[in-house]
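Undergrad: For reference, this is query.txt, and it has compact mmCIF, C-alpha atoms and all ligand atoms.
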```
# COMPACT_ATOMS: atom_id res chain seq x y z
CA MET F 1 111.91 125.57 111.17
CA LYS F 2 110.83 126.94 107.81
CA ILE F 3 108.58 124.61 105.82
CA LEU F 4 107.47 125.09 102.22
CA VAL F 5 104.14 123.39 101.46
CA LEU F 6 103.47 122.62 97.79
CA GLY F 7 99.75 122.46 96.99
CA ARG F 8 97.05 124.59 98.55
CA GLY F 9 94.31 122.03 97.99
CA LYS F 10 92.27 120.10 100.56
CA THR F 11 95.24 118.45 102.28
CA GLY F 12 98.05 120.96 101.59
CA SER F 13 96.12 123.82 103.19
CA LEU F 14 95.50 121.72 106.34
CA VAL F 15 99.18 120.68 106.45
CA ALA F 16 100.14 124.39 106.41
CA GLU F 17 97.67 125.09 109.24
CA VAL F 18 98.99 122.22 111.41
CA ALA F 19 102.63 123.22 110.74
CA ARG F 20 101.88 126.78 111.92
CA GLN F 21 100.14 125.39 115.02
CA ARG F 22 103.29 123.35 115.77
CA GLY F 23 105.36 126.55 115.70
CA HIS F 24 106.87 126.39 112.21
CA GLU F 25 107.24 129.23 109.76
CA VAL F 26 105.23 128.20 106.70
CA GLU F 27 105.16 129.28 103.07
CA GLY F 28 102.74 127.78 100.52
CA LEU F 29 102.95 127.49 96.73
CA ASP F 30 100.15 126.52 94.35
CA ILE F 31 100.44 125.48 90.71
CA VAL F 32 100.24 129.06 89.40
CA ASP F 33 103.35 129.97 91.45
CA ASN F 34 105.18 126.72 90.63
CA PRO F 35 104.44 125.24 87.16
CA ASN F 36 106.58 122.10 86.59
CA GLY F 37 108.47 122.72 89.84
CA SER F 38 109.98 125.91 88.36
CA ALA F 39 109.91 127.85 91.67
CA LEU F 40 112.09 125.25 93.42
CA THR F 41 115.50 126.88 92.95
CA ALA F 42 118.42 126.77 95.42
CA VAL F 43 118.16 130.56 95.89
CA ARG F 44 114.42 130.50 96.59
CA LEU F 45 114.75 127.56 99.01
CA ALA F 46 117.92 128.82 100.72
CA ASP F 47 116.37 129.15 104.19
CA THR F 48 113.74 126.35 103.82
CA ALA F 49 114.46 123.30 106.00
CA VAL F 50 111.95 120.86 104.46
CA VAL F 51 109.47 120.90 101.55
CA ILE F 52 106.13 119.05 101.85
CA ASP F 53 104.28 118.03 98.66
CA PHE F 54 100.49 117.47 98.48
CA THR F 55 99.90 118.26 94.81
CA THR F 56 98.90 115.97 91.94
CA PRO F 57 100.33 112.85 90.25
CA ASP F 58 101.22 115.08 87.24
CA ALA F 59 103.09 117.67 89.32
CA VAL F 60 104.89 115.61 91.94
CA LEU F 61 107.83 114.30 89.87
CA GLY F 62 108.71 117.85 88.70
CA ASN F 63 108.68 118.92 92.35
CA ILE F 64 110.90 116.02 93.45
CA GLU F 65 113.36 116.87 90.63
CA GLY F 66 113.31 120.55 91.69
CA CYS F 67 114.09 119.63 95.32
CA ALA F 68 116.91 117.32 94.19
CA ARG F 69 118.45 120.16 92.11
CA ALA F 70 118.10 122.58 95.03
CA ARG F 71 119.34 119.87 97.48
CA LYS F 72 116.33 120.19 99.79
CA ASN F 73 114.72 117.47 101.89
CA LEU F 74 111.18 116.59 100.87
CA VAL F 75 108.14 114.87 102.39
CA VAL F 76 105.85 113.47 99.67
CA GLY F 77 102.17 112.92 100.46
CA THR F 78 101.01 112.96 96.84
CA THR F 79 100.16 109.49 95.49
CA GLY F 80 99.99 108.04 91.96
CA TRP F 81 103.77 108.09 91.12
CA TYR F 82 105.03 104.86 92.72
CA GLY F 83 105.97 103.26 89.37
CA GLU F 84 108.83 105.80 89.35
CA ILE F 85 110.22 104.83 92.79
CA PRO F 86 113.50 103.25 91.48
CA ARG F 87 114.31 106.41 89.45
CA VAL F 88 113.40 108.72 92.35
CA GLN F 89 115.48 106.63 94.78
CA LYS F 90 118.54 107.12 92.54
CA LEU F 91 117.81 110.86 92.19
CA VAL F 92 117.61 111.21 95.97
CA HIS F 93 120.85 109.30 96.58
CA ASP F 94 122.73 111.17 93.82
CA ALA F 95 121.59 114.55 95.21
CA GLY F 96 122.43 113.54 98.81
CA ILE F 97 119.02 114.66 100.14
CA GLY F 98 116.34 113.04 102.32
CA LEU F 99 112.92 112.01 100.96
CA LEU F 100 110.16 110.48 103.09
CA TYR F 101 106.97 109.32 101.39
CA ALA F 102 103.71 107.70 102.39
CA ALA F 103 100.51 106.73 100.67
CA ASN F 104 98.96 107.58 104.00
CA PHE F 105 100.46 109.63 106.84
CA SER F 106 97.87 108.72 109.48
CA VAL F 107 99.05 106.68 112.45
CA GLY F 108 95.74 104.78 112.37
CA VAL F 109 96.30 103.57 108.80
CA ASN F 110 99.85 102.52 109.58
CA LEU F 111 98.56 100.43 112.50
CA PHE F 112 95.89 99.05 110.14
CA PHE F 113 98.73 98.01 107.76
CA GLU F 114 100.35 96.01 110.59
CA ILE F 115 97.03 94.33 111.48
CA ALA F 116 96.57 93.52 107.77
CA LYS F 117 100.02 91.92 107.64
CA THR F 118 99.14 89.61 110.55
CA ALA F 119 95.65 88.89 109.18
CA SER F 120 97.10 87.85 105.79
CA ALA F 121 97.72 84.42 107.38
CA ALA F 122 94.02 83.80 106.53
CA LEU F 123 95.05 83.36 102.88
CA ARG F 124 96.96 80.22 103.85
CA HIS F 125 93.81 78.77 105.48
CA ASP F 126 91.14 78.54 102.76
CA TYR F 127 90.15 82.23 102.82
CA SER F 128 89.98 84.41 99.72
CA GLY F 129 90.67 88.14 100.11
CA GLN F 130 89.47 91.41 98.59
CA ILE F 131 90.29 95.11 99.05
CA PHE F 132 87.68 97.86 98.71
CA GLU F 133 88.43 101.61 98.79
CA ARG F 134 86.06 104.60 98.76
CA HIS F 135 87.05 108.25 98.20
CA HIS F 136 85.50 111.58 97.22
CA ILE F 137 84.64 112.16 93.55
CA HIS F 138 87.52 114.65 93.02
CA LYS F 139 90.29 112.13 93.72
CA LYS F 140 92.53 111.98 90.62
CA ASP F 141 94.09 108.50 90.98
CA ALA F 142 92.46 105.05 91.31
CA PRO F 143 93.07 102.71 93.00
CA SER F 144 94.19 104.85 95.94
CA GLY F 145 97.84 104.81 96.97
CA THR F 146 96.74 103.42 100.34
CA ALA F 147 94.93 100.49 98.68
CA VAL F 148 97.98 99.75 96.54
CA ALA F 149 100.20 99.83 99.65
CA LEU F 150 97.73 97.50 101.44
CA ARG F 151 97.78 95.05 98.51
CA GLN F 152 101.60 95.05 98.58
CA ILE F 153 101.66 94.35 102.33
CA VAL F 154 99.26 91.40 101.92
CA GLN F 155 101.27 90.12 98.94
CA ASN F 156 104.58 90.31 100.84
CA ALA F 157 103.02 88.41 103.76
CA SER F 158 101.09 85.75 101.80
CA GLY F 159 102.40 85.64 98.22
CA LYS F 160 98.85 86.37 96.96
CA GLU F 161 97.83 89.47 94.98
CA LEU F 162 94.35 90.71 95.91
CA GLU F 163 91.89 92.49 93.65
CA ILE F 164 91.13 96.15 94.53
CA THR F 165 87.66 97.61 93.88
CA SER F 166 87.45 101.44 93.90
CA PHE F 167 84.37 103.57 94.53
CA ARG F 168 84.23 107.37 94.03
CA GLU F 169 81.29 108.97 95.81
CA GLY F 170 80.36 112.22 97.58
CA ASP F 171 82.99 113.67 99.90
CA VAL F 172 84.30 110.44 101.48
CA VAL F 173 87.70 111.30 103.04
CA GLY F 174 89.09 107.76 102.65
CA LEU F 175 87.70 104.35 103.57
CA HIS F 176 89.69 101.11 103.12
CA GLU F 177 88.39 97.59 103.74
CA LEU F 178 90.22 94.29 103.70
CA VAL F 179 87.81 91.36 103.63
CA PHE F 180 88.68 87.66 104.00
CA ASP F 181 85.98 85.16 103.06
CA SER F 182 85.77 81.41 103.75
CA ALA F 183 82.99 78.80 103.62
CA ALA F 184 82.72 79.11 107.43
CA ASP F 185 82.91 82.89 108.06
CA LYS F 186 84.00 86.34 106.94
CA ILE F 187 86.58 88.72 108.49
CA TYR F 188 86.16 92.47 107.92
CA LEU F 189 89.00 94.91 108.62
CA CYS F 190 88.18 98.54 107.97
CA HIS F 191 89.84 101.95 108.38
CA ASP F 192 87.55 104.96 107.95
CA ALA F 193 89.19 108.42 108.02
CA LYS F 194 86.88 111.03 109.63
CA SER F 195 88.91 114.03 108.46
CA ARG F 196 92.21 114.92 106.79
CA ARG F 197 93.68 116.03 110.12
CA GLY F 198 95.43 112.67 110.77
CA PHE F 199 97.22 112.89 107.39
CA ALA F 200 98.26 116.50 108.00
CA GLU F 201 99.64 115.88 111.50
CA GLY F 202 101.57 112.82 110.33
CA ALA F 203 103.07 114.76 107.41
CA VAL F 204 104.25 117.63 109.63
CA ARG F 205 105.75 115.22 112.19
CA ALA F 206 107.42 113.42 109.27
CA ALA F 207 108.99 116.75 108.15
CA GLU F 208 110.29 117.34 111.69
CA TRP F 209 111.79 113.82 111.71
CA LEU F 210 113.35 114.23 108.22
CA ALA F 211 115.12 117.55 108.90
CA GLY F 212 118.88 117.04 108.46
CA LYS F 213 118.58 113.34 107.41
CA LYS F 214 119.72 111.81 104.10
CA GLY F 215 118.17 108.81 102.34
CA PHE F 216 114.94 107.42 100.91
CA PHE F 217 112.38 106.55 103.61
CA ASP F 218 108.92 104.96 103.69
CA PHE F 219 106.71 106.34 106.52
CA LYS F 220 105.47 102.85 107.43
CA ASP F 221 109.02 101.96 108.49
CA VAL F 222 109.58 105.07 110.66
CA TRP F 223 106.21 106.23 112.06
CA ARG F 224 106.83 104.62 115.47
CA GLU F 225 109.88 106.88 115.91
CA LEU F 226 107.92 110.14 115.46
N1 LIG F 301 99.75 110.58 102.00
C1 LIG F 301 98.62 110.97 102.61
O1 LIG F 301 98.42 110.80 103.82
C2 LIG F 301 97.55 111.63 101.77
C3 LIG F 301 96.38 112.13 102.35
C4 LIG F 301 95.47 112.84 101.56
C5 LIG F 301 95.76 113.03 100.20
N2 LIG F 301 96.89 112.50 99.67
C6 LIG F 301 97.28 112.74 98.27
O2 LIG F 301 97.72 114.09 98.19
C7 LIG F 301 97.43 114.61 96.90
C8 LIG F 301 96.62 115.90 97.05
O3 LIG F 301 95.35 115.57 97.58
P1 LIG F 301 94.25 116.69 97.84
O4 LIG F 301 93.04 115.95 98.24
O5 LIG F 301 94.80 117.76 98.71
O6 LIG F 301 94.08 117.24 96.34
P2 LIG F 301 93.61 118.69 95.85
O7 LIG F 301 92.65 119.29 96.80
O8 LIG F 301 93.25 118.50 94.39
O9 LIG F 301 94.97 119.56 95.93
C9 LIG F 301 96.05 119.46 95.05
C10 LIG F 301 96.61 120.88 94.91
O10 LIG F 301 97.91 120.88 94.31
C11 LIG F 301 97.98 121.98 93.40
N3 LIG F 301 99.10 121.82 92.47
C12 LIG F 301 99.12 121.16 91.28
N4 LIG F 301 100.36 121.26 90.73
C13 LIG F 301 101.15 121.98 91.59
C14 LIG F 301 102.50 122.44 91.59
N5 LIG F 301 103.35 122.20 90.56
N6 LIG F 301 102.97 123.16 92.66
C15 LIG F 301 102.16 123.44 93.70
N7 LIG F 301 100.85 123.06 93.74
C16 LIG F 301 100.35 122.34 92.70
C17 LIG F 301 96.61 121.98 92.78
O11 LIG F 301 96.31 123.20 92.14
P3 LIG F 301 95.11 123.19 91.01
O12 LIG F 301 93.85 122.86 91.75
O13 LIG F 301 95.16 124.58 90.53
O14 LIG F 301 95.50 122.15 90.00
C18 LIG F 301 95.72 121.76 94.02
O15 LIG F 301 95.48 122.98 94.73
C19 LIG F 301 96.73 113.46 96.15
O16 LIG F 301 97.68 112.75 95.40
C20 LIG F 301 96.17 112.59 97.26
O17 LIG F 301 96.03 111.24 96.87
C21 LIG F 301 97.78 111.82 100.42
```
So, in terms of structure tokens, how does the structure I just supplied come out?
TA:
Amino acid sequence: MKILVLGRGKTGSLVAEVARQRGHEVEGLDIVDNPNGSALTAVRLADTAVVIDFTTPDAVLGNIEGCARARKNLVVGTTGWYGEIPRVQKLVHDAGIGLLYAANFSVGVNLFFEIAKTASAALRHDYSGQIFERHHIHKKDAPSGTAVALRQIVQNASGKELEITSFREGDVVGLHELVFDSAADKIYLCHDAKSRRGFAEGAVRAAEWLAGKKGFFDFKDVWREL
């Protein structure tokens, strides 16, 4: 199918490469070709099946609005916009399109989320908890979308909101730690991404899954179906 990838940065360029390897026809747009989502017209997107966004927190809402106007399905990998989820959900339903988003498209992180949910029982047994996240110095949002998603999962499971500590150093791809501490012992759960490849493959598989579907989807609820 034809996939339009928004963002030719570190992740977007790898997403385009993986999509080509999986046999898709791929077009890419960077900010100079698409200021404020202006390139996302129904005519321009006529033969595009799905759009994939790996841009910036400033650009992503304009791109979602453009896809809604053009009635095109969209996979959103960009983080830093989740305060707008209720508005975007309405936009997606009103436009009758499909949107699938994730703070993290890697299968490993989504398994880590499920382990974290189970491990949150520690907070009912005299443990305190903390979240640490480390990323490269160019990352534009903090805390990371993955850390925020992890905090939400722990909160839903335990009723307790954990503190997140963010570090920005070197070229760290993405490291997330969930630590539970008691007087007797400490439990460390850690996911350490070695490359962006896991995100890119998950995002392309998500686009294949989303083609032809309508609705607002969270990757953590559907990744087992891919
Ligand atoms: N969900 C996941 O699995 C996952 C994984 C990795 C990253 N992410 C998220 O994905 C986003 C991108 O990360 P990254 O590391 O790839 O960042 P990056 O290297 O900075 O790439 C972002 C790219 O988007 C471009 N851009 C900005 N506005 C645009 C627009 N309107 N249309 C098209 N392109 C536009 C930027 O151009 P300029 O450089 O010219 O501004 C830049 O090339 C971040 O929010 C990050 O947190 C998510």
Undergrad: Might you pull out every residue within 10 Å of stretch 53-60 of chain F, with only C-alpha atoms counted and same-chain residues fewer than 2 positions away left off, and present them as a CSV table (one decimal) with C-alpha atoms, in the coordinates of the input?
TA:
```
chain,number,residue,atom,x,y,z
F,4,LEU,CA,107.5,125.1,102.2
F,5,VAL,CA,104.1,123.4,101.5
F,6,LEU,CA,103.5,122.6,97.8
F,7,GLY,CA,99.8,122.5,97.0
F,8,ARG,CA,97.0,124.6,98.6
F,9,GLY,CA,94.3,122.0,98.0
F,10,LYS,CA,92.3,120.1,100.6
F,11,THR,CA,95.2,118.4,102.3
F,12,GLY,CA,98.0,121.0,101.6
F,13,SER,CA,96.1,123.8,103.2
F,15,VAL,CA,99.2,120.7,106.4
F,29,LEU,CA,103.0,127.5,96.7
F,30,ASP,CA,100.2,126.5,94.4
F,31,ILE,CA,100.4,125.5,90.7
F,34,ASN,CA,105.2,126.7,90.6
F,35,PRO,CA,104.4,125.2,87.2
F,36,ASN,CA,106.6,122.1,86.6
F,37,GLY,CA,108.5,122.7,89.8
F,51,VAL,CA,109.5,120.9,101.6
F,62,GLY,CA,108.7,117.8,88.7
F,63,ASN,CA,108.7,118.9,92.4
F,64,ILE,CA,110.9,116.0,93.4
F,65,GLU,CA,113.4,116.9,90.6
F,66,GLY,CA,113.3,120.6,91.7
F,74,LEU,CA,111.2,116.6,100.9
F,75,VAL,CA,108.1,114.9,102.4
F,76,VAL,CA,105.8,113.5,99.7
F,77,GLY,CA,102.2,112.9,100.5
F,78,THR,CA,101.0,113.0,96.8
F,79,THR,CA,100.2,109.5,95.5
F,80,GLY,CA,100.0,108.0,92.0
F,81,TRP,CA,103.8,108.1,91.1
F,82,TYR,CA,105.0,104.9,92.7
F,101,TYR,CA,107.0,109.3,101.4
F,139,LYS,CA,90.3,112.1,93.7
F,140,LYS,CA,92.5,112.0,90.6
F,141,ASP,CA,94.1,108.5,91.0
F,200,ALA,CA,98.3,116.5,108.0
F,203,ALA,CA,103.1,114.8,107.4
```
Undergrad: Considering only C-alpha atoms, can you say which of F:Glu201, F:Ala147, F:Cys67, F:His138 comes closest to F:Val172?
TA: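 The shortest atom-to-atom distance to F:Val172 comes from F:His138.
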Undergrad: Which distance in Å separates atom CA of F:Leu100 and atom CA of F:Leu175, to one decimal?
TA: 23.3 Å
Undergrad: Please indicate the distance in Å from atom CA of F:Gly198 to atom CA of F:Gly108, rounded to one decimal place.
TA: 8.1 Å
Undergrad: Would you place a box with edges along x, y and z of the file around all atoms of ligand LIG 301 (chain F) listed there, add 3 Å to each of its six sides, and report the centre and edge lengths in Å to one decimal, as JSON?
TA:
```
{"center_x": 98.0, "center_y": 117.6, "center_z": 96.9, "size_x": 16.7, "size_y": 20.0, "size_z": 19.8}
```
Undergrad: Near F:Leu111, within 10 Å and counting only C-alpha atoms, which residues show up once chain neighbours fewer than 5 positions away are dropped, as an NGL selection string?
TA: :F and (106 or 116-117 or 191 or 220 or 223-224)
Undergrad: Which one is closest to ligand LIG 301 (chain F): F:Asn73, F:Asn156, F:Thr165, F:Asn110? Count all atoms listed in the file.
TA: F:Asn110
Undergrad: Quick one: distance from atom CA of F:Ile3 to atom N4 of ligand LIG 301 (chain F) in Å, one decimal?
TA: 17.5 Å
Undergrad: Please tell me which residues are no farther than 9 Å from (122.9, 115.2, 99.4) in the file, counting only C-alpha atoms, and write them as a PyMOL selection string.
TA: chain F and resi 68+71-73+92-98+214-215
Undergrad: Using all atoms listed in the file, which of the listed residues (F:Val32, F:Leu178, F:Ala207, F:Val50) sits closest to ligand LIG 301 (chain F)?
TA: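 Among the listed residues, F:Val32 lies closest to ligand LIG 301 (chain F).
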Undergrad: Go through F:Leu226, F:Ala103, F:Ala149, F:Leu123 and flag the residue nearest ligand LIG 301 (chain F), using only C-alpha atoms and all ligand atoms for the distances.
TA: F:Ala103
Undergrad: Mind completing stretch 10-28 of chain F with N, CA, C and O atoms? Output as a PDB file, keeping the file's coordinate frame, please?
TA:
```
ATOM      1  N   LYS F  10      92.951 120.555  99.339  1.00  0.00           N
ATOM      2  CA  LYS F  10      92.270 120.100 100.560  1.00  0.00           C
ATOM      3  C   LYS F  10      93.282 119.699 101.645  1.00  0.00           C
ATOM      4  O   LYS F  10      93.150 120.080 102.800  1.00  0.00           O
ATOM      5  N   THR F  11      94.294 118.929 101.261  1.00  0.00           N
ATOM      6  CA  THR F  11      95.240 118.450 102.280  1.00  0.00           C
ATOM      7  C   THR F  11      96.361 119.446 102.516  1.00  0.00           C
ATOM      8  O   THR F  11      96.715 119.720 103.667  1.00  0.00           O
ATOM      9  N   GLY F  12      96.938 120.019 101.443  1.00  0.00           N
ATOM     10  CA  GLY F  12      98.050 120.960 101.590  1.00  0.00           C
ATOM     11  C   GLY F  12      97.702 122.130 102.495  1.00  0.00           C
ATOM     12  O   GLY F  12      98.510 122.552 103.332  1.00  0.00           O
ATOM     13  N   SER F  13      96.474 122.661 102.367  1.00  0.00           N
ATOM     14  CA  SER F  13      96.120 123.820 103.190  1.00  0.00           C
ATOM     15  C   SER F  13      96.010 123.417 104.677  1.00  0.00           C
ATOM     16  O   SER F  13      96.405 124.179 105.560  1.00  0.00           O
ATOM     17  N   LEU F  14      95.570 122.185 104.943  1.00  0.00           N
ATOM     18  CA  LEU F  14      95.500 121.720 106.340  1.00  0.00           C
ATOM     19  C   LEU F  14      96.903 121.439 106.894  1.00  0.00           C
ATOM     20  O   LEU F  14      97.194 121.721 108.059  1.00  0.00           O
ATOM     21  N   VAL F  15      97.788 120.918 106.044  1.00  0.00           N
ATOM     22  CA  VAL F  15      99.180 120.680 106.450  1.00  0.00           C
ATOM     23  C   VAL F  15      99.817 122.012 106.872  1.00  0.00           C
ATOM     24  O   VAL F  15     100.485 122.098 107.909  1.00  0.00           O
ATOM     25  N   ALA F  16      99.581 123.064 106.077  1.00  0.00           N
ATOM     26  CA  ALA F  16     100.140 124.390 106.410  1.00  0.00           C
ATOM     27  C   ALA F  16      99.592 124.876 107.751  1.00  0.00           C
ATOM     28  O   ALA F  16     100.336 125.393 108.593  1.00  0.00           O
ATOM     29  N   GLU F  17      98.292 124.653 107.977  1.00  0.00           N
ATOM     30  CA  GLU F  17      97.670 125.090 109.240  1.00  0.00           C
ATOM     31  C   GLU F  17      98.285 124.342 110.443  1.00  0.00           C
ATOM     32  O   GLU F  17      98.658 124.953 111.444  1.00  0.00           O
ATOM     33  N   VAL F  18      98.427 123.017 110.306  1.00  0.00           N
ATOM     34  CA  VAL F  18      98.990 122.220 111.410  1.00  0.00           C
ATOM     35  C   VAL F  18     100.447 122.609 111.662  1.00  0.00           C
ATOM     36  O   VAL F  18     100.886 122.725 112.809  1.00  0.00           O
ATOM     37  N   ALA F  19     101.208 122.843 110.575  1.00  0.00           N
ATOM     38  CA  ALA F  19     102.630 123.220 110.740  1.00  0.00           C
ATOM     39  C   ALA F  19     102.732 124.538 111.496  1.00  0.00           C
ATOM     40  O   ALA F  19     103.578 124.683 112.384  1.00  0.00           O
ATOM     41  N   ARG F  20     101.860 125.494 111.187  1.00  0.00           N
ATOM     42  CA  ARG F  20     101.880 126.780 111.920  1.00  0.00           C
ATOM     43  C   ARG F  20     101.540 126.544 113.385  1.00  0.00           C
ATOM     44  O   ARG F  20     102.186 127.085 114.274  1.00  0.00           O
ATOM     45  N   GLN F  21     100.536 125.677 113.630  1.00  0.00           N
ATOM     46  CA  GLN F  21     100.140 125.390 115.020  1.00  0.00           C
ATOM     47  C   GLN F  21     101.287 124.740 115.800  1.00  0.00           C
ATOM     48  O   GLN F  21     101.389 124.901 117.007  1.00  0.00           O
ATOM     49  N   ARG F  22     102.161 124.009 115.085  1.00  0.00           N
ATOM     50  CA  ARG F  22     103.290 123.350 115.770  1.00  0.00           C
ATOM     51  C   ARG F  22     104.512 124.270 115.830  1.00  0.00           C
ATOM     52  O   ARG F  22     105.608 123.821 116.135  1.00  0.00           O
ATOM     53  N   GLY F  23     104.316 125.543 115.491  1.00  0.00           N
ATOM     54  CA  GLY F  23     105.360 126.550 115.700  1.00  0.00           C
ATOM     55  C   GLY F  23     106.307 126.767 114.536  1.00  0.00           C
ATOM     56  O   GLY F  23     107.326 127.444 114.689  1.00  0.00           O
ATOM     57  N   HIS F  24     105.982 126.214 113.361  1.00  0.00           N
ATOM     58  CA  HIS F  24     106.870 126.390 112.210  1.00  0.00           C
ATOM     59  C   HIS F  24     106.504 127.631 111.419  1.00  0.00           C
ATOM     60  O   HIS F  24     105.344 128.079 111.428  1.00  0.00           O
ATOM     61  N   GLU F  25     107.502 128.130 110.689  1.00  0.00           N
ATOM     62  CA  GLU F  25     107.240 129.230 109.760  1.00  0.00           C
ATOM     63  C   GLU F  25     106.864 128.559 108.428  1.00  0.00           C
ATOM     64  O   GLU F  25     107.589 127.666 107.957  1.00  0.00           O
ATOM     65  N   VAL F  26     105.731 128.944 107.853  1.00  0.00           N
ATOM     66  CA  VAL F  26     105.230 128.200 106.700  1.00  0.00           C
ATOM     67  C   VAL F  26     105.010 129.114 105.491  1.00  0.00           C
ATOM     68  O   VAL F  26     104.436 130.192 105.614  1.00  0.00           O
ATOM     69  N   GLU F  27     105.475 128.610 104.323  1.00  0.00           N
ATOM     70  CA  GLU F  27     105.160 129.280 103.070  1.00  0.00           C
ATOM     71  C   GLU F  27     104.417 128.249 102.211  1.00  0.00           C
ATOM     72  O   GLU F  27     104.696 127.047 102.310  1.00  0.00           O
ATOM     73  N   GLY F  28     103.479 128.704 101.383  1.00  0.00           N
ATOM     74  CA  GLY F  28     102.740 127.780 100.520  1.00  0.00           C
ATOM     75  C   GLY F  28     102.877 128.205  99.060  1.00  0.00           C
ATOM     76  O   GLY F  28     102.961 129.382  98.761  1.00  0.00           O
TER      77      GLY F  28
END
```
